[in-house]
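Text of the file data-v2.txt, holding compact mmCIF, C-alpha atoms and all ligand atoms:
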# COMPACT_ATOMS: atom_id res chain seq x y z
CA MET A 993 38.53 20.86 28.39
CA THR A 994 42.00 19.35 28.74
CA SER A 995 45.07 20.85 27.15
CA ARG A 996 47.57 18.30 25.89
CA GLN A 997 51.03 18.35 27.47
CA LEU A 998 54.42 17.17 26.30
CA GLN A 999 54.84 13.54 27.29
CA THR A 1000 57.74 11.89 25.43
CA VAL A 1001 60.38 13.17 23.04
CA ILE A 1002 61.74 11.00 20.25
CA PRO A 1003 64.68 12.94 18.79
CA ALA A 1004 65.34 12.52 15.09
CA VAL A 1005 68.53 10.62 14.31
CA ALA A 1006 70.53 10.95 11.12
CA ALA A 1007 69.77 7.96 8.92
CA ALA A 1008 70.07 6.90 5.31
CA ASP A 1009 67.43 5.15 3.25
CA GLY A 1010 66.69 4.34 -0.36
CA ALA A 1011 69.92 4.40 -2.38
CA GLY A 1012 71.64 6.55 0.25
CA VAL A 1013 69.36 9.53 0.87
CA ARG A 1014 70.38 11.22 4.11
CA LEU A 1015 67.45 12.03 6.31
CA TYR A 1016 66.33 12.62 9.89
CA ARG A 1017 64.16 9.87 11.36
CA SER A 1018 62.23 10.41 14.59
CA LEU A 1019 59.28 8.01 14.84
CA GLY A 1020 60.39 4.61 13.59
CA SER A 1021 64.08 5.17 14.23
CA HIS A 1022 64.00 2.06 16.45
CA GLN A 1023 61.52 -0.78 16.72
CA GLY A 1024 58.91 0.22 19.26
CA GLN A 1025 59.40 3.96 18.78
CA ARG A 1026 56.05 4.31 17.13
CA PHE A 1027 52.91 6.14 18.15
CA ASP A 1028 49.94 4.08 16.99
CA PRO A 1029 48.75 4.58 14.24
CA PHE A 1030 51.93 6.43 13.21
CA LEU A 1031 54.83 4.16 12.29
CA MET A 1032 57.53 6.48 11.03
CA LEU A 1033 58.34 10.12 10.31
CA ASP A 1034 61.29 11.12 8.14
CA GLU A 1035 62.40 14.67 7.42
CA PHE A 1036 64.65 15.08 4.41
CA PHE A 1037 66.38 18.44 4.23
CA SER A 1038 69.57 19.19 2.36
CA ASP A 1039 71.11 21.75 0.03
CA ASP A 1040 73.72 19.20 -1.03
CA PRO A 1041 72.65 17.02 -3.98
CA GLY A 1042 75.08 14.35 -2.74
CA ASP A 1043 72.64 13.81 0.14
CA TYR A 1044 69.59 13.11 -2.03
CA ILE A 1045 70.47 12.56 -5.69
CA ALA A 1046 70.40 8.75 -5.45
CA GLY A 1047 66.73 8.87 -4.42
CA PHE A 1048 64.56 5.92 -3.56
CA PRO A 1049 64.69 3.48 -6.49
CA SER A 1050 62.07 0.78 -6.95
CA HIS A 1051 60.96 -0.78 -3.63
CA PRO A 1052 57.82 -2.46 -2.26
CA HIS A 1053 55.38 -1.59 0.52
CA ARG A 1054 52.56 -3.59 2.14
CA GLY A 1055 50.20 -3.00 5.04
CA PHE A 1056 50.12 0.78 5.59
CA GLU A 1057 49.98 4.25 4.01
CA THR A 1058 52.80 6.61 3.07
CA VAL A 1059 52.32 10.38 2.97
CA THR A 1060 54.95 12.55 1.30
CA TYR A 1061 54.79 16.32 1.86
CA MET A 1062 57.24 18.50 -0.06
CA LEU A 1063 58.42 21.88 1.19
CA ASP A 1064 61.18 22.53 -1.35
CA GLY A 1065 62.38 20.74 -4.44
CA HIS A 1066 60.88 18.27 -6.85
CA MET A 1067 60.37 14.52 -6.59
CA ARG A 1068 58.84 12.08 -9.04
CA HIS A 1069 56.88 9.01 -8.06
CA GLU A 1070 56.41 6.08 -10.44
CA ASP A 1071 54.82 2.78 -9.53
CA SER A 1072 54.25 -0.76 -10.72
CA PHE A 1073 50.76 0.15 -11.93
CA GLY A 1074 51.95 2.85 -14.31
CA ASN A 1075 51.08 5.82 -12.12
CA ARG A 1076 53.40 8.77 -12.24
CA GLY A 1077 53.26 11.96 -10.22
CA ASP A 1078 55.44 15.00 -9.77
CA LEU A 1079 55.65 16.60 -6.37
CA GLY A 1080 56.74 20.22 -6.05
CA PRO A 1081 56.72 22.65 -3.12
CA GLY A 1082 53.58 22.29 -1.01
CA ASP A 1083 52.36 19.17 -2.84
CA VAL A 1084 51.36 15.97 -1.09
CA GLN A 1085 51.25 12.38 -2.21
CA TRP A 1086 48.99 10.05 -0.26
CA MET A 1087 49.66 6.43 -1.10
CA THR A 1088 47.71 3.57 0.42
CA ALA A 1089 50.05 0.65 -0.16
CA ALA A 1090 47.61 -1.82 1.47
CA ARG A 1091 48.18 -5.27 -0.11
CA GLY A 1092 51.05 -4.07 -2.15
CA ILE A 1093 52.71 -1.54 -4.40
CA ILE A 1094 56.19 -1.24 -5.85
CA HIS A 1095 57.35 2.29 -6.52
CA SER A 1096 60.25 4.69 -6.84
CA GLU A 1097 60.61 8.21 -5.48
CA MET A 1098 63.35 10.09 -7.31
CA PRO A 1099 64.54 13.71 -7.02
CA GLN A 1100 64.11 15.66 -10.27
CA GLN A 1101 66.87 18.19 -9.57
CA GLU A 1102 70.63 18.13 -9.57
CA SER A 1103 71.15 21.08 -7.25
CA GLY A 1104 69.33 23.22 -4.73
CA ARG A 1105 67.30 22.38 -1.70
CA LEU A 1106 65.27 19.24 -1.26
CA ARG A 1107 63.08 19.40 1.81
CA GLY A 1108 60.02 17.55 2.97
CA PHE A 1109 58.56 14.81 5.08
CA GLN A 1110 57.47 11.24 4.71
CA LEU A 1111 55.01 9.86 7.23
CA TRP A 1112 53.90 6.23 7.52
CA ILE A 1113 50.42 5.57 8.91
CA ASN A 1114 49.38 2.04 9.79
CA LEU A 1115 46.26 0.31 8.50
CA PRO A 1116 44.00 -1.90 10.65
CA ALA A 1117 44.15 -5.66 9.95
CA LYS A 1118 40.91 -5.60 7.99
CA GLU A 1119 42.35 -3.02 5.55
CA LYS A 1120 45.90 -4.28 5.13
CA MET A 1121 45.02 -6.45 2.15
CA LYS A 1122 42.65 -4.09 0.35
CA ALA A 1123 43.65 -2.84 -3.08
CA ALA A 1124 46.37 -0.20 -3.26
CA ALA A 1125 45.38 3.39 -4.03
CA TRP A 1126 47.29 6.50 -4.79
CA GLN A 1127 46.68 10.21 -5.19
CA ASP A 1128 48.65 13.37 -5.67
CA ILE A 1129 47.30 16.50 -4.03
CA ALA A 1130 48.49 19.73 -5.58
CA ALA A 1131 49.40 22.50 -3.13
CA ALA A 1132 46.50 24.58 -4.47
CA ARG A 1133 44.02 21.98 -3.13
CA ILE A 1134 45.34 22.22 0.41
CA PRO A 1135 43.41 24.82 2.46
CA VAL A 1136 45.56 27.55 3.99
CA VAL A 1137 43.78 28.92 7.06
CA PRO A 1138 44.90 32.36 8.30
CA LEU A 1139 45.23 32.33 12.08
CA ALA A 1140 43.81 35.05 14.33
CA GLY A 1141 47.12 35.41 16.16
CA GLY A 1142 49.04 35.60 12.89
CA GLY A 1143 50.50 32.90 10.70
CA GLU A 1144 48.66 30.12 8.92
CA ALA A 1145 47.73 26.47 9.00
CA ARG A 1146 47.88 24.14 5.99
CA VAL A 1147 45.26 21.43 6.35
CA ILE A 1148 46.60 18.32 4.64
CA ALA A 1149 44.27 15.82 6.30
CA GLY A 1150 41.38 15.92 8.72
CA THR A 1151 39.57 19.03 9.90
CA PHE A 1152 41.21 22.09 11.36
CA GLU A 1153 38.94 24.01 13.69
CA GLN A 1154 39.50 27.68 14.36
CA ASP A 1155 37.15 30.29 15.82
CA GLY A 1156 34.23 27.90 15.46
CA LEU A 1157 34.88 27.33 11.76
CA ARG A 1158 35.86 23.93 10.43
CA HIS A 1159 38.28 23.67 7.53
CA ALA A 1160 38.41 20.22 5.92
CA GLY A 1161 41.56 19.08 4.19
CA PRO A 1162 41.59 17.03 0.98
CA ILE A 1163 42.07 13.74 2.89
CA GLY A 1164 39.30 12.46 5.13
CA GLY A 1165 37.11 9.43 5.80
CA LEU A 1166 39.98 7.10 6.78
CA SER A 1167 39.54 4.68 9.68
CA THR A 1168 42.50 6.21 11.57
CA ALA A 1169 40.97 9.69 11.03
CA PRO A 1170 44.38 11.34 10.61
CA GLN A 1171 44.78 15.05 11.27
CA TYR A 1172 47.82 16.50 9.49
CA PHE A 1173 48.44 20.23 9.86
CA ASP A 1174 51.51 22.29 8.92
CA LEU A 1175 51.61 25.39 11.14
CA ARG A 1176 53.55 28.61 10.61
CA LEU A 1177 53.47 30.97 13.56
CA PRO A 1178 55.04 34.44 13.76
CA ALA A 1179 57.05 35.54 16.80
CA GLY A 1180 55.08 35.23 20.04
CA ALA A 1181 51.86 34.02 18.38
CA ALA A 1182 49.58 31.82 20.47
CA LEU A 1183 47.41 29.13 18.91
CA ARG A 1184 44.80 26.74 20.30
CA VAL A 1185 43.91 23.76 18.10
CA PRO A 1186 40.98 21.50 19.07
CA LEU A 1187 41.77 17.79 18.54
CA PRO A 1188 39.66 14.65 18.96
CA LEU A 1189 39.95 13.20 22.47
CA GLY A 1190 41.62 9.78 22.36
CA HIS A 1191 43.63 10.45 19.21
CA HIS A 1192 47.38 10.02 19.61
CA ALA A 1193 48.90 13.41 18.77
CA PHE A 1194 52.44 14.67 18.32
CA LEU A 1195 54.26 17.77 17.17
CA TYR A 1196 57.35 18.04 14.99
CA LEU A 1197 59.03 21.45 15.25
CA TYR A 1198 61.24 21.93 12.19
CA GLU A 1199 62.08 25.62 12.39
CA GLY A 1200 62.20 28.27 15.12
CA ALA A 1201 61.05 27.74 18.69
CA ALA A 1202 57.74 27.10 20.44
CA VAL A 1203 56.24 25.91 23.69
CA VAL A 1204 53.28 23.56 24.18
CA GLY A 1205 50.80 23.17 27.03
CA GLU A 1206 52.09 24.64 30.26
CA ASP A 1207 55.09 26.33 28.63
CA GLN A 1208 56.98 23.14 27.83
CA PRO A 1209 59.67 23.90 25.22
CA LEU A 1210 59.54 21.78 22.09
CA PRO A 1211 62.86 20.37 20.90
CA VAL A 1212 63.68 21.03 17.26
CA ARG A 1213 63.71 18.06 14.92
CA ALA A 1214 62.01 15.57 17.24
CA ALA A 1215 58.65 13.86 17.50
CA SER A 1216 57.12 15.43 20.62
CA LEU A 1217 54.40 13.03 21.75
CA LEU A 1218 51.52 14.62 23.66
CA THR A 1219 49.23 13.44 26.43
CA ASP A 1220 45.54 12.98 25.69
CA GLY A 1221 43.25 15.97 25.67
CA ASP A 1222 40.79 17.84 23.49
CA ARG A 1223 43.10 20.66 22.44
CA VAL A 1224 46.70 21.70 21.92
CA ASP A 1225 47.94 25.10 23.10
CA LEU A 1226 51.03 26.48 21.38
CA ARG A 1227 53.05 29.66 21.57
CA ALA A 1228 55.84 30.55 19.17
CA GLY A 1229 59.21 31.86 20.32
CA ALA A 1230 60.92 35.12 19.38
CA ALA A 1231 61.83 33.95 15.89
CA GLY A 1232 58.48 32.31 15.12
CA ALA A 1233 57.96 28.62 14.51
CA ARG A 1234 57.14 26.11 11.81
CA LEU A 1235 55.83 22.77 12.97
CA LEU A 1236 53.72 19.78 12.04
CA LEU A 1237 50.79 18.76 14.20
CA LEU A 1238 49.72 15.15 13.64
CA ALA A 1239 46.97 13.17 15.29
CA GLY A 1240 45.35 9.80 14.57
CA LYS A 1241 43.03 7.25 16.11
CA PRO A 1242 45.06 4.37 17.58
CA ILE A 1243 44.46 0.97 16.00
CA GLY A 1244 45.44 -1.13 19.03
CA GLU A 1245 46.66 -4.20 17.13
CA PRO A 1246 50.04 -5.98 17.15
CA VAL A 1247 52.60 -4.45 14.79
CA VAL A 1248 55.15 -6.69 13.11
CA GLN A 1249 57.46 -4.83 10.76
CA TYR A 1250 60.08 -6.07 8.36
CA GLY A 1251 61.47 -3.08 6.45
CA PRO A 1252 58.74 -1.87 4.07
CA PHE A 1253 56.19 -4.49 5.19
CA VAL A 1254 54.05 -3.79 8.27
CA MET A 1255 51.63 -6.53 9.24
CA ASN A 1256 50.07 -8.08 12.38
CA SER A 1257 52.02 -11.34 12.55
CA ARG A 1258 55.27 -12.99 11.46
CA GLU A 1259 53.34 -15.32 9.19
CA GLU A 1260 51.90 -12.34 7.32
CA ILE A 1261 55.39 -10.85 6.95
CA GLU A 1262 56.66 -14.16 5.55
CA GLN A 1263 53.72 -14.14 3.14
CA ALA A 1264 54.57 -10.57 2.06
CA ILE A 1265 58.18 -11.54 1.37
CA ALA A 1266 57.09 -14.67 -0.53
CA ASP A 1267 54.55 -12.64 -2.54
CA TYR A 1268 57.18 -10.02 -3.38
CA GLN A 1269 59.73 -12.63 -4.44
CA ALA A 1270 57.12 -14.39 -6.59
CA GLY A 1271 56.00 -11.12 -8.23
CA ARG A 1272 52.56 -11.30 -6.56
CA LEU A 1273 52.84 -8.27 -4.27
CA ALA A 1274 51.41 -5.56 -6.46
CA TRP A 1275 48.03 -5.93 -8.13
CA PRO A 1276 46.09 -3.26 -9.99
CA VAL A 1277 45.27 -0.06 -8.16
CA ALA A 1278 41.58 0.29 -7.26
CA ALA A 1279 41.39 4.00 -7.78
CA ALA A 1280 43.70 6.90 -8.26
CA PRO A 1281 41.46 9.90 -7.69
CA ALA A 1282 42.88 13.32 -8.31
CA GLY A 1283 46.02 12.02 -9.97
CA ARG A 1284 47.74 14.58 -12.12
CA ASP A 1285 50.49 14.54 -14.66
CA ARG A 1286 49.78 10.93 -15.37
CA PRO A 1287 50.82 9.22 -18.60
FE FE2 B 1301 58.34 4.19 -0.70
What is this structure when it is put down as structure tokens?
Amino acid sequence: MTSRQLQTVIPAVAAADGAGVRLYRSLGSHQGQRFDPFLMLDEFFSDDPGDYIAGFPSHPHRGFETVTYMLDGHMRHEDSFGNRGDLGPGDVQWMTAARGIIHSEMPQQESGRLRGFQLWINLPAKEKMKAAAWQDIAAARIPVVPLAGGGEARVIAGTFEQDGLRHAGPIGGLSTAPQYFDLRLPAGAALRVPLPLGHHAFLYLYEGAAVVGEDQPLPVRAASLLTDGDRVDLRAGAAGARLLLLAGKPIGEPVVQYGPFVMNSREEIEQAIADYQAGRLAWPVAAAPAGRDRP
């Protein structure tokens, strides 16, 4: 049994994306600051509509998956295949862009708090050109596991193991085997989470304070990359903690990124740009299981 320790910190930097949405980008803030298979993590969090109202108008993606997890507020997704989905607090959208999708992600509120995360997960070469797929996962479908030491874990993807019981989230069976847990710990609570050995794992503390491993403090608003091991040991600080725990199986292939296209070579990026310019990027979606609020 090896407990994972804090290895590298990638602090989030203030950035703007879409039509001027202000956000905090940790993974992906610079080329090379990735953690295979994870390409990017954005936190958007503002009470000021001026920071988010412009949203993310129509834009393409190819070669990876995007996962949007809302904590507060309301966003609407619409894509080139006619899918539409509304995301409210606790909802998740899992989009496999693969060979191509063009979509928009627009706030559906003119005031109040908008808060959530967008994670990009890479696809292996053999899956980059498969058909796009899309699903919305309502908050009610996401298991909430009460923790023995207090608090709870929301299991968005993968399997959360606690006291010998395994709790499977709504997303599974992917080649990168992502584990995506949102943890809420009360003051002083300790938590041990088993994780697959060999997966790349990181934490993102977004509220409160906590330590990992041998009492290493986690910075707030940063991707805290962990060493390998078969478990993570956490303890919340005096005010409790809210944090994401993410883990995935590394792909181990070259990554060539140009904005919203992530491929294995420059030639494939040039092809993606040419396909987008020629209107060939987005073909029909293979499946959209569990979609809701669709026209
Ligand atoms: Fe997008």
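Residues surrounding stretch 1079-1084 of chain A within 7 Å are A:Val1059, A:Thr1060, A:Tyr1061, A:Met1062, A:Leu1063, A:Asp1064, A:Gly1065, A:His1066, A:Met1067, A:Arg1068, A:Asp1128, A:Ile1129, A:Ala1130, A:Ala1131 [all atoms listed in the file; sequence separation below 4 positions excluded].
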Selection near A:Asp1071, 10 Å with all atoms listed in the file, sequence-local residues under 5 positions removed, as a PyMOL selection string: chain A and resi 1050-1052+1076-1077+1093-1097+1126+1274
Residue nearest A:Leu1273 among A:Leu1197, A:Ala1117, A:Ile1261, A:Val1147 (counting only C-alpha atoms): A:Ile1261
Test item: residues at most 6 Å from A:Ala1089, all atoms listed in the file, excluding those fewer than 2 positions along its chain, as a ChimeraX atom specification: /A:1053-1054,1056-1057,1087,1092-1093,1124
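Nearest residue to ligand FE2 1301 (chain B) among A:Gly1240, A:Gly1042, A:Gly1047, A:Pro1211 is A:Gly1047, counting all atoms listed in the file.
Checking A:Gly1055, A:Gly1141, A:Pro1099, A:Gly1012 one by one against A:Glu1070, counting all atoms listed in the file, you find the shortest gap at A:Pro1099.
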Surrounding residues of A:Asp1225 excluding itself and chain neighbours under 6 positions, 9 Å, all atoms listed in the file, as a count of residues only: 12
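For the choices A:Met993, A:Val1001, A:Ala1007, A:Met1098, the atom-to-atom distance to ligand FE2 1301 (chain B) is smallest for A:Met1098 when using all atoms listed in the file.
Remark: for ligand FE2 1301 (chain B), the closest of the candidate residues A:Gln1154, A:Asn1114, A:Thr1088, A:Ser1257 is A:Thr1088 (distances computed over only C-alpha atoms and all ligand atoms).
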Polymer residues at most 8 Å from A:Phe1027, all atoms listed in the file, same-chain spacing of 4 or more positions, as JSON, numbers by chain: {"A": [1019, 1031, 1192, 1217]}
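For the pair atom CA of A:Arg1176 and atom CA of A:Ala1215, the interatomic distance is 17.1 Å.
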Residue nearest A:Ala1149 - candidates A:Ile1163, A:Ile1243, A:Ile1113, A:Ala1201, atoms counted: only C-alpha atoms: A:Ile1163
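Atom CA of A:Gly1232 to atom CA of A:Phe1037 spans 19.3 Å [interatomic distance, one decimal].
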Between atom CA of A:Arg1091 and atom CA of A:Gln1127 - distance in Å to one decimal: 16.4 Å
Protein, DNA and RNA residues within 10 Å of (46.2, 15.3, 24.3), all atoms listed in the file, as a PyMOL selection string: chain A and resi 994-999+1186-1194+1205+1217-1224+1239
